[in-house]
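Engineer: Pasting coords_25.pdb below, which is PDB, C-alpha atoms, pLDDT in the B column.
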ATOM      1  CA  MET A   1     -15.388 -11.576 -12.756  1.00 74.00           C
ATOM      2  CA  SER A   2     -15.403  -9.774 -16.142  1.00 86.00           C
ATOM      3  CA  LEU A   3     -13.641  -6.508 -15.293  1.00 91.00           C
ATOM      4  CA  LYS A   4     -14.149  -4.669 -18.562  1.00 91.00           C
ATOM      5  CA  SER A   5     -12.942  -1.174 -17.633  1.00 94.00           C
ATOM      6  CA  GLN A   6     -10.121   0.441 -15.704  1.00 94.00           C
ATOM      7  CA  GLU A   7     -12.695   1.847 -13.296  1.00 95.00           C
ATOM      8  CA  GLN A   8     -14.061  -1.616 -12.541  1.00 96.00           C
ATOM      9  CA  LEU A   9     -10.565  -2.985 -11.982  1.00 97.00           C
ATOM     10  CA  ILE A  10      -9.573  -0.103  -9.702  1.00 96.00           C
ATOM     11  CA  ASP A  11     -12.827  -0.364  -7.730  1.00 97.00           C
ATOM     12  CA  PHE A  12     -12.325  -4.115  -7.321  1.00 97.00           C
ATOM     13  CA  LEU A  13      -8.753  -3.655  -6.055  1.00 97.00           C
ATOM     14  CA  ALA A  14      -9.827  -0.871  -3.705  1.00 97.00           C
ATOM     15  CA  GLU A  15     -12.616  -2.961  -2.186  1.00 97.00           C
ATOM     16  CA  LYS A  16     -10.510  -6.089  -1.684  1.00 97.00           C
ATOM     17  CA  SER A  17      -7.491  -4.222  -0.332  1.00 98.00           C
ATOM     18  CA  GLN A  18      -9.606  -2.203   2.086  1.00 97.00           C
ATOM     19  CA  ILE A  19     -11.171  -5.328   3.602  1.00 97.00           C
ATOM     20  CA  ARG A  20      -7.784  -6.962   4.111  1.00 97.00           C
ATOM     21  CA  ARG A  21      -6.028  -3.842   5.405  1.00 97.00           C
ATOM     22  CA  ARG A  22      -8.832  -3.258   7.911  1.00 96.00           C
ATOM     23  CA  GLU A  23      -8.324  -6.759   9.312  1.00 96.00           C
ATOM     24  CA  LEU A  24      -4.566  -6.234   9.501  1.00 96.00           C
ATOM     25  CA  PHE A  25      -5.022  -2.909  11.271  1.00 95.00           C
ATOM     26  CA  THR A  26      -7.168  -4.669  13.870  1.00 94.00           C
ATOM     27  CA  PHE A  27      -4.370  -7.163  14.515  1.00 94.00           C
ATOM     28  CA  SER A  28      -1.833  -4.350  14.848  1.00 93.00           C
ATOM     29  CA  GLN A  29      -4.009  -2.923  17.618  1.00 92.00           C
ATOM     30  CA  LEU A  30      -4.429  -6.318  19.290  1.00 92.00           C
ATOM     31  CA  LEU A  31      -0.646  -6.704  19.387  1.00 91.00           C
ATOM     32  CA  LYS A  32      -0.607  -3.990  22.038  1.00 85.00           C
ATOM     33  CA  ALA A  33      -2.107  -6.440  24.525  1.00 75.00           C
ATOM     34  CA  LYS A  34      -0.463  -6.310  27.935  1.00 74.00           C
ATOM     35  CA  ARG A  35      -1.101  -9.793  29.281  1.00 84.00           C
ATOM     36  CA  LYS A  36       1.581 -12.235  28.177  1.00 82.00           C
ATOM     37  CA  HIS A  37      -0.694 -15.239  27.549  1.00 84.00           C
ATOM     38  CA  GLU A  38      -2.945 -13.081  25.366  1.00 87.00           C
ATOM     39  CA  LEU A  39      -0.019 -11.569  23.530  1.00 91.00           C
ATOM     40  CA  ASN A  40       1.474 -14.989  22.735  1.00 91.00           C
ATOM     41  CA  ILE A  41      -1.753 -16.152  21.086  1.00 93.00           C
ATOM     42  CA  ILE A  42      -2.161 -12.894  19.184  1.00 94.00           C
ATOM     43  CA  CYS A  43       1.446 -13.025  17.927  1.00 95.00           C
ATOM     44  CA  ARG A  44       0.949 -16.543  16.588  1.00 95.00           C
ATOM     45  CA  SER A  45      -2.415 -15.707  15.058  1.00 95.00           C
ATOM     46  CA  SER A  46      -1.223 -12.469  13.501  1.00 96.00           C
ATOM     47  CA  ILE A  47       1.471 -14.235  11.468  1.00 97.00           C
ATOM     48  CA  VAL A  48      -1.046 -16.684  10.023  1.00 97.00           C
ATOM     49  CA  ILE A  49      -3.563 -13.930   9.258  1.00 97.00           C
ATOM     50  CA  ALA A  50      -0.900 -11.631   7.797  1.00 97.00           C
ATOM     51  CA  TYR A  51       0.305 -14.364   5.446  1.00 97.00           C
ATOM     52  CA  ALA A  52      -3.255 -15.322   4.472  1.00 97.00           C
ATOM     53  CA  ASN A  53      -3.995 -11.737   3.464  1.00 97.00           C
ATOM     54  CA  TRP A  54      -0.659 -11.496   1.635  1.00 97.00           C
ATOM     55  CA  GLU A  55      -1.250 -14.594  -0.489  1.00 97.00           C
ATOM     56  CA  GLY A  56      -4.952 -13.886  -0.911  1.00 97.00           C
ATOM     57  CA  PHE A  57      -4.573 -10.346  -2.183  1.00 98.00           C
ATOM     58  CA  VAL A  58      -1.680 -11.036  -4.549  1.00 98.00           C
ATOM     59  CA  LYS A  59      -3.647 -13.874  -6.149  1.00 97.00           C
ATOM     60  CA  GLU A  60      -6.954 -12.012  -6.437  1.00 97.00           C
ATOM     61  CA  ALA A  61      -5.320  -8.769  -7.654  1.00 98.00           C
ATOM     62  CA  ALA A  62      -3.162 -10.502 -10.273  1.00 98.00           C
ATOM     63  CA  THR A  63      -6.097 -12.647 -11.403  1.00 97.00           C
ATOM     64  CA  ALA A  64      -8.290  -9.543 -11.659  1.00 97.00           C
ATOM     65  CA  TYR A  65      -5.706  -7.875 -13.888  1.00 98.00           C
ATOM     66  CA  VAL A  66      -5.513 -10.904 -16.189  1.00 97.00           C
ATOM     67  CA  ASP A  67      -9.314 -10.923 -16.296  1.00 97.00           C
ATOM     68  CA  TYR A  68      -9.284  -7.233 -17.238  1.00 97.00           C
ATOM     69  CA  VAL A  69      -6.840  -7.900 -20.088  1.00 96.00           C
ATOM     70  CA  ALA A  70      -8.818 -10.932 -21.233  1.00 95.00           C
ATOM     71  CA  CYS A  71     -11.938  -8.769 -21.535  1.00 95.00           C
ATOM     72  CA  LYS A  72     -10.125  -6.558 -24.075  1.00 94.00           C
ATOM     73  CA  SER A  73     -10.275  -9.401 -26.621  1.00 93.00           C
ATOM     74  CA  LEU A  74      -7.022  -8.317 -28.249  1.00 94.00           C
ATOM     75  CA  VAL A  75      -5.435 -10.036 -31.206  1.00 95.00           C
ATOM     76  CA  PHE A  76      -2.394 -12.101 -30.317  1.00 93.00           C
ATOM     77  CA  SER A  77       0.180  -9.792 -31.932  1.00 94.00           C
ATOM     78  CA  ARG A  78      -0.927  -6.800 -29.841  1.00 95.00           C
ATOM     79  CA  LEU A  79      -0.416  -8.544 -26.521  1.00 96.00           C
ATOM     80  CA  SER A  80       2.792  -8.000 -24.566  1.00 96.00           C
ATOM     81  CA  PRO A  81       5.082 -11.063 -24.479  1.00 95.00           C
ATOM     82  CA  ASN A  82       4.031 -12.070 -20.963  1.00 96.00           C
ATOM     83  CA  PHE A  83       0.365 -12.158 -21.993  1.00 96.00           C
ATOM     84  CA  GLN A  84       1.230 -13.996 -25.181  1.00 94.00           C
ATOM     85  CA  ALA A  85       2.888 -16.586 -22.945  1.00 93.00           C
ATOM     86  CA  ILE A  86      -0.249 -16.794 -20.780  1.00 94.00           C
ATOM     87  CA  ALA A  87      -2.408 -17.266 -23.876  1.00 92.00           C
ATOM     88  CA  CYS A  88      -0.130 -20.006 -25.233  1.00 91.00           C
ATOM     89  CA  ARG A  89       0.688 -21.761 -21.960  1.00 89.00           C
ATOM     90  CA  ALA A  90      -1.495 -24.829 -22.482  1.00 85.00           C
ATOM     91  CA  MET A  91      -0.265 -25.159 -26.058  1.00 86.00           C
ATOM     92  CA  LEU A  92       3.366 -24.825 -24.976  1.00 83.00           C
ATOM     93  CA  LEU A  93       2.923 -27.440 -22.259  1.00 84.00           C
ATOM     94  CA  ASP A  94       1.447 -29.872 -24.774  1.00 84.00           C
ATOM     95  CA  ALA A  95       4.366 -29.236 -27.118  1.00 82.00           C
ATOM     96  CA  SER A  96       6.934 -29.740 -24.361  1.00 84.00           C
ATOM     97  CA  ARG A  97       5.495 -33.179 -23.604  1.00 87.00           C
ATOM     98  CA  ALA A  98       5.468 -34.236 -27.263  1.00 82.00           C
ATOM     99  CA  SER A  99       8.943 -35.579 -27.914  1.00 80.00           C
ATOM    100  CA  LYS A 100       8.038 -37.383 -31.147  1.00 81.00           C
ATOM    101  CA  ARG A 101       4.700 -35.987 -32.339  1.00 88.00           C
ATOM    102  CA  ILE A 102       5.083 -32.832 -34.415  1.00 91.00           C
ATOM    103  CA  THR A 103       1.436 -31.676 -34.362  1.00 89.00           C
ATOM    104  CA  PRO A 104       1.669 -29.865 -30.985  1.00 84.00           C
ATOM    105  CA  HIS A 105       4.820 -28.089 -32.196  1.00 88.00           C
ATOM    106  CA  LEU A 106       3.066 -27.052 -35.398  1.00 89.00           C
ATOM    107  CA  GLN A 107       0.224 -25.585 -33.345  1.00 86.00           C
ATOM    108  CA  VAL A 108       2.681 -23.334 -31.514  1.00 81.00           C
ATOM    109  CA  VAL A 109       4.279 -22.203 -34.769  1.00 83.00           C
ATOM    110  CA  THR A 110       0.861 -21.586 -36.326  1.00 85.00           C
ATOM    111  CA  GLN A 111      -0.171 -19.427 -33.387  1.00 84.00           C
ATOM    112  CA  PHE A 112       2.879 -17.193 -33.699  1.00 83.00           C
ATOM    113  CA  VAL A 113       3.029 -17.086 -37.505  1.00 82.00           C
ATOM    114  CA  SER A 114      -0.431 -17.558 -39.000  1.00 82.00           C
ATOM    115  CA  ASN A 115      -2.821 -16.717 -36.158  1.00 81.00           C
ATOM    116  CA  SER A 116      -1.110 -13.646 -34.746  1.00 85.00           C
ATOM    117  CA  SER A 117      -3.829 -11.374 -36.143  1.00 89.00           C
ATOM    118  CA  LYS A 118      -6.635 -13.362 -34.523  1.00 90.00           C
ATOM    119  CA  ILE A 119      -8.239 -12.687 -31.142  1.00 92.00           C
ATOM    120  CA  VAL A 120      -6.865 -15.014 -28.513  1.00 89.00           C
ATOM    121  CA  GLN A 121      -8.709 -16.386 -25.484  1.00 89.00           C
ATOM    122  CA  ILE A 122      -7.096 -15.927 -22.066  1.00 92.00           C
ATOM    123  CA  ASN A 123      -8.214 -17.884 -19.010  1.00 90.00           C
ATOM    124  CA  PRO A 124      -7.562 -15.693 -15.942  1.00 91.00           C
ATOM    125  CA  HIS A 125      -8.317 -18.494 -13.482  1.00 88.00           C
ATOM    126  CA  SER A 126      -5.414 -20.661 -14.631  1.00 91.00           C
ATOM    127  CA  ALA A 127      -2.922 -17.842 -15.208  1.00 93.00           C
ATOM    128  CA  ILE A 128      -1.963 -17.117 -11.593  1.00 95.00           C
ATOM    129  CA  ASP A 129      -0.652 -19.803  -9.247  1.00 93.00           C
ATOM    130  CA  THR A 130       0.578 -19.014  -5.722  1.00 92.00           C
ATOM    131  CA  GLU A 131       1.686 -22.663  -5.515  1.00 91.00           C
ATOM    132  CA  SER A 132       1.964 -24.112  -2.011  1.00 86.00           C
ATOM    133  CA  ASN A 133       3.423 -20.952  -0.467  1.00 93.00           C
ATOM    134  CA  LEU A 134       3.857 -17.412  -1.767  1.00 96.00           C
ATOM    135  CA  ASN A 135       7.582 -17.052  -1.166  1.00 97.00           C
ATOM    136  CA  SER A 136       9.856 -14.631  -3.017  1.00 97.00           C
ATOM    137  CA  GLU A 137      10.428 -17.049  -5.917  1.00 97.00           C
ATOM    138  CA  VAL A 138       6.699 -17.512  -6.481  1.00 97.00           C
ATOM    139  CA  LEU A 139       6.122 -13.772  -6.119  1.00 97.00           C
ATOM    140  CA  GLU A 140       8.764 -13.112  -8.774  1.00 97.00           C
ATOM    141  CA  ASN A 141       7.032 -15.522 -11.144  1.00 96.00           C
ATOM    142  CA  ILE A 142       3.662 -13.828 -10.594  1.00 97.00           C
ATOM    143  CA  CYS A 143       5.205 -10.393 -11.156  1.00 97.00           C
ATOM    144  CA  ILE A 144       6.734 -11.557 -14.432  1.00 96.00           C
ATOM    145  CA  THR A 145       3.403 -13.104 -15.423  1.00 96.00           C
ATOM    146  CA  VAL A 146       1.532  -9.808 -15.098  1.00 97.00           C
ATOM    147  CA  GLY A 147       4.407  -7.601 -16.255  1.00 96.00           C
ATOM    148  CA  ILE A 148       5.565  -6.077 -12.937  1.00 96.00           C
ATOM    149  CA  ASP A 149       9.290  -5.379 -12.535  1.00 95.00           C
ATOM    150  CA  TYR A 150      10.084  -7.644  -9.573  1.00 96.00           C
ATOM    151  CA  HIS A 151      13.717  -6.575  -9.217  1.00 93.00           C
ATOM    152  CA  LYS A 152      12.840  -2.895  -9.181  1.00 89.00           C
ATOM    153  CA  GLN A 153       9.824  -3.108  -6.902  1.00 85.00           C
ATOM    154  CA  TRP A 154      10.049  -6.234  -4.737  1.00 96.00           C
ATOM    155  CA  SER A 155      13.409  -7.989  -4.637  1.00 95.00           C
ATOM    156  CA  THR A 156      14.655  -6.093  -1.554  1.00 96.00           C
ATOM    157  CA  TRP A 157      11.722  -7.544   0.387  1.00 97.00           C
ATOM    158  CA  GLY A 158      12.443 -11.105  -0.759  1.00 97.00           C
ATOM    159  CA  PRO A 159      14.212 -12.243   2.446  1.00 97.00           C
ATOM    160  CA  PHE A 160      11.430 -10.826   4.619  1.00 97.00           C
ATOM    161  CA  VAL A 161       8.779 -12.551   2.518  1.00 97.00           C
ATOM    162  CA  ASP A 162      10.630 -15.873   2.809  1.00 98.00           C
ATOM    163  CA  GLU A 163      10.915 -15.479   6.577  1.00 97.00           C
ATOM    164  CA  LEU A 164       7.193 -14.737   6.819  1.00 97.00           C
ATOM    165  CA  VAL A 165       6.390 -17.888   4.834  1.00 97.00           C
ATOM    166  CA  LYS A 166       8.754 -19.972   6.981  1.00 97.00           C
ATOM    167  CA  THR A 167       7.264 -18.678  10.233  1.00 97.00           C
ATOM    168  CA  ARG A 168       3.694 -19.087   9.030  1.00 97.00           C
ATOM    169  CA  CYS A 169       4.346 -22.681   7.933  1.00 96.00           C
ATOM    170  CA  ALA A 170       5.878 -23.559  11.292  1.00 96.00           C
ATOM    171  CA  ILE A 171       2.812 -22.256  13.137  1.00 96.00           C
ATOM    172  CA  ALA A 172       0.262 -23.663  10.668  1.00 92.00           C
ATOM    173  CA  HIS A 173       1.855 -27.124  10.804  1.00 92.00           C
ATOM    174  CA  GLY A 174       1.512 -27.354  14.569  1.00 91.00           C
ATOM    175  CA  THR A 175       4.832 -26.083  15.890  1.00 91.00           C
ATOM    176  CA  LEU A 176       4.348 -24.162  19.138  1.00 87.00           C
ATOM    177  CA  LEU A 177       6.424 -21.297  17.838  1.00 92.00           C
ATOM    178  CA  THR A 178       5.656 -17.897  19.318  1.00 92.00           C
ATOM    179  CA  PRO A 179       7.192 -14.958  17.427  1.00 94.00           C
ATOM    180  CA  ASP A 180       7.979 -11.935  19.534  1.00 93.00           C
ATOM    181  CA  ASP A 181       5.545  -9.069  19.360  1.00 93.00           C
ATOM    182  CA  LYS A 182       8.016  -6.817  17.541  1.00 95.00           C
ATOM    183  CA  TYR A 183       8.357  -9.256  14.625  1.00 96.00           C
ATOM    184  CA  ALA A 184       4.626 -10.007  14.582  1.00 96.00           C
ATOM    185  CA  LEU A 185       3.813  -6.301  14.348  1.00 96.00           C
ATOM    186  CA  GLU A 186       6.454  -5.846  11.641  1.00 97.00           C
ATOM    187  CA  ALA A 187       4.917  -8.691   9.629  1.00 97.00           C
ATOM    188  CA  VAL A 188       1.410  -7.263   9.947  1.00 97.00           C
ATOM    189  CA  LYS A 189       2.589  -3.778   8.974  1.00 97.00           C
ATOM    190  CA  PHE A 190       4.550  -5.146   6.018  1.00 97.00           C
ATOM    191  CA  VAL A 191       1.546  -6.980   4.586  1.00 98.00           C
ATOM    192  CA  GLU A 192      -0.686  -3.975   5.179  1.00 97.00           C
ATOM    193  CA  GLU A 193       1.712  -1.804   3.162  1.00 97.00           C
ATOM    194  CA  ALA A 194       2.578  -4.502   0.607  1.00 98.00           C
ATOM    195  CA  ILE A 195      -1.096  -4.867  -0.315  1.00 98.00           C
ATOM    196  CA  THR A 196      -1.110  -1.180  -1.228  1.00 97.00           C
ATOM    197  CA  TRP A 197       2.161  -1.510  -3.163  1.00 97.00           C
ATOM    198  CA  PHE A 198       0.932  -4.466  -5.199  1.00 98.00           C
ATOM    199  CA  LYS A 199      -2.411  -2.784  -5.787  1.00 98.00           C
ATOM    200  CA  THR A 200      -0.570   0.289  -7.108  1.00 97.00           C
ATOM    201  CA  ASP A 201       1.624  -1.850  -9.374  1.00 97.00           C
ATOM    202  CA  ILE A 202      -1.449  -3.469 -10.925  1.00 97.00           C
ATOM    203  CA  GLU A 203      -3.233  -0.147 -11.344  1.00 97.00           C
ATOM    204  CA  ASN A 204      -0.177   1.465 -12.958  1.00 96.00           C
ATOM    205  CA  SER A 205       0.177  -1.418 -15.397  1.00 95.00           C
ATOM    206  CA  ALA A 206      -3.461  -1.106 -16.375  1.00 95.00           C
ATOM    207  CA  LEU A 207      -3.333   2.681 -16.729  1.00 95.00           C
ATOM    208  CA  ALA A 208      -0.145   2.494 -18.805  1.00 94.00           C
ATOM    209  CA  THR A 209      -1.629  -0.363 -20.884  1.00 94.00           C
ATOM    210  CA  ASN A 210       1.571  -2.348 -20.427  1.00 93.00           C
ATOM    211  CA  PHE A 211      -0.312  -5.443 -21.574  1.00 95.00           C
ATOM    212  CA  CYS A 212      -0.481  -4.033 -25.105  1.00 93.00           C
ATOM    213  CA  VAL A 213       2.610  -3.597 -27.304  1.00 90.00           C
ATOM    214  CA  ASP A 214       1.346  -0.335 -28.800  1.00 84.00           C
ATOM    215  CA  ASN A 215       0.195   1.046 -25.403  1.00 73.00           C
ATOM    216  CA  GLN A 216      -3.076   2.207 -26.932  1.00 74.00           C
ATOM    217  CA  SER A 217      -5.586   3.657 -24.468  1.00 69.00           C
ATOM    218  CA  PHE A 218      -8.723   1.676 -23.647  1.00 67.00           C
TER
END
Show me this structure written as structure tokens.
Structural biologist:
Amino acid sequence: MSLKSQEQLIDFLAEKSQIRRRELFTFSQLLKAKRKHELNIICRSSIVIAYANWEGFVKEAATAYVDYVACKSLVFSRLSPNFQAIACRAMLLDASRASKRITPHLQVVTQFVSNSSKIVQINPHSAIDTESNLNSEVLENICITVGIDYHKQWSTWGPFVDELVKTRCAIAHGTLLTPDDKYALEAVKFVEEAITWFKTDIENSALATNFCVDNQSF
């Protein structure tokens, strides 16, 4: 991906969000169908599509932001704590599994004490995990990972997100559940707006250089 500038990141987010929001807008129009058998199918389909765009955009936007930060090639000490955690994740996991061997623990200490002035490598592709379903708990973890204030921006939508995941799973796993058209439209509209909200959160973090402890412009 290699998003080396704010302009590249913003253009990437704009392109991906536009594609997904266009598809969601189409479903919002289809939900105005008058024939009941058509409406039932569209309601079921719209939940699955809405969720797919929700999970897809959050993952690609968050990954793009990590990629953007990785391209800055910052020394470890200049990274914000969440990006220091991303950079050290593999090392920390190795240390957590080593109950008797001290070498993995020494590597963690060395990173924080002796190697803090060295450039650290960040792998954007392993940093973001939507797990099996992007519910509110997973969303909170992703927000913390990229430095977004979940409780300020997203926590009020947590119950709705969990309901969307639950409904999508029921349909995707073969249950002949048909949400009513009001809920289906609400879900589509939520994802359409939430894509813009998350996009804005990522852009604001990049523009404010929240990934860097000294907030220096890039």
Engineer: Enter the distance from atom CA of His125 of chain A to atom CA of Asn204 of chain A, in Å, rounded to one decimal.
Structural biologist: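 Those two atoms sit 21.6 Å apart.
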Engineer: Compile the contact shell of Asn82 of chain A as a ChimeraX atom specification: residues with an atom at most 8 Å away, counting only C-alpha atoms, same-chain residues fewer than 4 positions apart removed.
Structural biologist: /A:86,144-147,211
Engineer: Need the shell around segment 30-38 of chain A: protein/DNA/RNA residues with any atom at most 12 Å away, counting all atoms listed in the file. Skip same-chain ones fewer than 2 positions apart. Format as a ChimeraX atom specification?
Structural biologist: /A:23-28,40-47,178-189
Engineer: Suppose we keep C-alpha atoms; can you now write the selection as a tab-separated table (two decimals), keeping the file's coordinate frame?
Structural biologist:
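Okay, this is what ended up in result18.tsv:
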chain	number	residue	atom	x	y	z
A	23	GLU	CA	-8.32	-6.76	9.31
A	24	LEU	CA	-4.57	-6.23	9.50
A	25	PHE	CA	-5.02	-2.91	11.27
A	26	THR	CA	-7.17	-4.67	13.87
A	27	PHE	CA	-4.37	-7.16	14.52
A	28	SER	CA	-1.83	-4.35	14.85
A	40	ASN	CA	1.47	-14.99	22.74
A	41	ILE	CA	-1.75	-16.15	21.09
A	42	ILE	CA	-2.16	-12.89	19.18
A	43	CYS	CA	1.45	-13.02	17.93
A	44	ARG	CA	0.95	-16.54	16.59
A	45	SER	CA	-2.42	-15.71	15.06
A	46	SER	CA	-1.22	-12.47	13.50
A	47	ILE	CA	1.47	-14.24	11.47
A	178	THR	CA	5.66	-17.90	19.32
A	179	PRO	CA	7.19	-14.96	17.43
A	180	ASP	CA	7.98	-11.94	19.53
A	181	ASP	CA	5.54	-9.07	19.36
A	182	LYS	CA	8.02	-6.82	17.54
A	183	TYR	CA	8.36	-9.26	14.62
A	184	ALA	CA	4.63	-10.01	14.58
A	185	LEU	CA	3.81	-6.30	14.35
A	186	GLU	CA	6.45	-5.85	11.64
A	187	ALA	CA	4.92	-8.69	9.63
A	188	VAL	CA	1.41	-7.26	9.95
A	189	LYS	CA	2.59	-3.78	8.97
Engineer: What separation in Å, quoted to one decimal, exists between atom CA of Asp129 of chain A and atom CA of Arg20 of chain A?
Structural biologist: 19.9 Å
Engineer: When the PyMOL selection byres ((chain A and resi 69) around 12) is applied to the file above, which residues end up in the set, as a ChimeraX atom specification?
Structural biologist: /A:1-6,9,62-68,70-76,78-80,82-84,86-87,120-124,127,146-147,202,205-207,209-212,218
Engineer: Determine the nearest neighbour of Gln18 of chain A from the options A:Pro81, A:Ile195, A:Val109, A:Ile128, counting only C-alpha atoms.
Structural biologist: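 Closest to Gln18 of chain A, using only C-alpha atoms: A:Ile195.
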Engineer: Which residue gives the smallest distance to Thr200 of chain A among A:Gln153, A:Pro104, A:Leu92, A:Lys59, with all atoms listed in the file counted?
Structural biologist: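 Using all atoms listed in the file, Thr200 of chain A sits closest to A:Gln153.
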Engineer: From the options A:Ile102, A:Val138, A:Leu39, A:Cys88, which residue's atoms come nearest to Glu55 of chain A, counting only C-alpha atoms?
Structural biologist: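 With only C-alpha atoms as the atom set, the closest residue is A:Val138.
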Engineer: Give me the residues near Met91 of chain A as a VMD selection string, where near means some atom within 9 Å (using only C-alpha atoms) and where sequence neighbours in that chain fewer than 2 positions away do not count.
Structural biologist: chain A and resid 87 to 89 93 to 96 104 to 105 107 to 108
Engineer: Between atom CA of Lys166 of chain A and atom CA of Ala50 of chain A, what distance in Å does the model show, to one decimal?
Structural biologist: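 Going from atom CA of Lys166 of chain A over to atom CA of Ala50 of chain A, I get 12.8 Å.
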Engineer: If you apply the PyMOL selection byres ((chain A and resi 54) around 10) to this file, what residues do you get, as a ChimeraX atom specification?
Structural biologist: /A:20,48-53,55-59,134,161,164,188,190-192,194-195,198
Engineer: Of the candidates A:His173, A:Lys152, A:Glu203, A:Gln216, which one gets nearest to Gln8 of chain A if we count only C-alpha atoms?
Structural biologist: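 Of A:His173, A:Lys152, A:Glu203, A:Gln216, the one nearest Gln8 of chain A, counting only C-alpha atoms, is A:Glu203.
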Engineer: Compare A:Val213, A:Ala90, A:Gly158, A:Ser17 by their minimum atom-to-atom distance to Ser77 of chain A, counting all atoms listed in the file, and give me the closest one.
Structural biologist: A:Val213
Engineer: Could you rebuild segment 193-212 of chain A with N, CA and C atoms and give me the result as a PDB file, in the frame of the given file?
Structural biologist:
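The file below, selection01.pdb, is the result:
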ATOM      1  N   GLU A 193       1.124  -2.705   4.149  1.00 97.00           N
ATOM      2  CA  GLU A 193       1.712  -1.804   3.162  1.00 97.00           C
ATOM      3  C   GLU A 193       1.902  -2.494   1.814  1.00 97.00           C
ATOM      4  N   ALA A 194       2.311  -3.766   1.848  1.00 98.00           N
ATOM      5  CA  ALA A 194       2.578  -4.502   0.607  1.00 98.00           C
ATOM      6  C   ALA A 194       1.314  -4.669  -0.231  1.00 98.00           C
ATOM      7  N   ILE A 195       0.176  -4.798   0.414  1.00 98.00           N
ATOM      8  CA  ILE A 195      -1.096  -4.867  -0.315  1.00 98.00           C
ATOM      9  C   ILE A 195      -1.287  -3.594  -1.132  1.00 98.00           C
ATOM     10  N   THR A 196      -0.996  -2.459  -0.513  1.00 97.00           N
ATOM     11  CA  THR A 196      -1.110  -1.180  -1.228  1.00 97.00           C
ATOM     12  C   THR A 196      -0.091  -1.094  -2.360  1.00 97.00           C
ATOM     13  N   TRP A 197       1.130  -1.549  -2.123  1.00 97.00           N
ATOM     14  CA  TRP A 197       2.161  -1.510  -3.163  1.00 97.00           C
ATOM     15  C   TRP A 197       1.752  -2.356  -4.364  1.00 97.00           C
ATOM     16  N   PHE A 198       1.294  -3.575  -4.095  1.00 98.00           N
ATOM     17  CA  PHE A 198       0.932  -4.466  -5.199  1.00 98.00           C
ATOM     18  C   PHE A 198      -0.286  -3.930  -5.936  1.00 98.00           C
ATOM     19  N   LYS A 199      -1.235  -3.408  -5.189  1.00 98.00           N
ATOM     20  CA  LYS A 199      -2.411  -2.784  -5.787  1.00 98.00           C
ATOM     21  C   LYS A 199      -1.990  -1.655  -6.732  1.00 98.00           C
ATOM     22  N   THR A 200      -1.058  -0.824  -6.292  1.00 97.00           N
ATOM     23  CA  THR A 200      -0.570   0.289  -7.108  1.00 97.00           C
ATOM     24  C   THR A 200       0.143  -0.216  -8.358  1.00 97.00           C
ATOM     25  N   ASP A 201       0.931  -1.270  -8.215  1.00 97.00           N
ATOM     26  CA  ASP A 201       1.624  -1.850  -9.374  1.00 97.00           C
ATOM     27  C   ASP A 201       0.626  -2.316 -10.436  1.00 97.00           C
ATOM     28  N   ILE A 202      -0.436  -2.982  -9.994  1.00 97.00           N
ATOM     29  CA  ILE A 202      -1.449  -3.469 -10.925  1.00 97.00           C
ATOM     30  C   ILE A 202      -2.168  -2.301 -11.594  1.00 97.00           C
ATOM     31  N   GLU A 203      -2.540  -1.315 -10.802  1.00 97.00           N
ATOM     32  CA  GLU A 203      -3.233  -0.147 -11.344  1.00 97.00           C
ATOM     33  C   GLU A 203      -2.370   0.592 -12.362  1.00 97.00           C
ATOM     34  N   ASN A 204      -1.085   0.764 -12.041  1.00 96.00           N
ATOM     35  CA  ASN A 204      -0.177   1.465 -12.958  1.00 96.00           C
ATOM     36  C   ASN A 204      -0.011   0.701 -14.264  1.00 96.00           C
ATOM     37  N   SER A 205       0.059  -0.611 -14.178  1.00 95.00           N
ATOM     38  CA  SER A 205       0.177  -1.418 -15.397  1.00 95.00           C
ATOM     39  C   SER A 205      -1.058  -1.283 -16.270  1.00 95.00           C
ATOM     40  N   ALA A 206      -2.213  -1.254 -15.623  1.00 95.00           N
ATOM     41  CA  ALA A 206      -3.461  -1.106 -16.375  1.00 95.00           C
ATOM     42  C   ALA A 206      -3.566   0.276 -17.001  1.00 95.00           C
ATOM     43  N   LEU A 207      -3.232   1.313 -16.229  1.00 95.00           N
ATOM     44  CA  LEU A 207      -3.333   2.681 -16.729  1.00 95.00           C
ATOM     45  C   LEU A 207      -2.339   2.950 -17.854  1.00 95.00           C
ATOM     46  N   ALA A 208      -1.172   2.317 -17.772  1.00 94.00           N
ATOM     47  CA  ALA A 208      -0.145   2.494 -18.805  1.00 94.00           C
ATOM     48  C   ALA A 208      -0.331   1.529 -19.977  1.00 94.00           C
ATOM     49  N   THR A 209      -1.355   0.678 -19.885  1.00 94.00           N
ATOM     50  CA  THR A 209      -1.629  -0.363 -20.884  1.00 94.00           C
ATOM     51  C   THR A 209      -0.362  -1.144 -21.247  1.00 94.00           C
ATOM     52  N   ASN A 210       0.349  -1.583 -20.201  1.00 93.00           N
ATOM     53  CA  ASN A 210       1.571  -2.348 -20.427  1.00 93.00           C
ATOM     54  C   ASN A 210       1.311  -3.714 -21.027  1.00 93.00           C
ATOM     55  N   PHE A 211       0.045  -4.147 -21.017  1.00 95.00           N
ATOM     56  CA  PHE A 211      -0.312  -5.443 -21.574  1.00 95.00           C
ATOM     57  C   PHE A 211      -0.395  -5.409 -23.094  1.00 95.00           C
ATOM     58  N   CYS A 212      -0.312  -4.213 -23.664  1.00 93.00           N
ATOM     59  CA  CYS A 212      -0.481  -4.033 -25.105  1.00 93.00           C
ATOM     60  C   CYS A 212       0.803  -3.444 -25.690  1.00 93.00           C
TER      61      CYS A 212
END
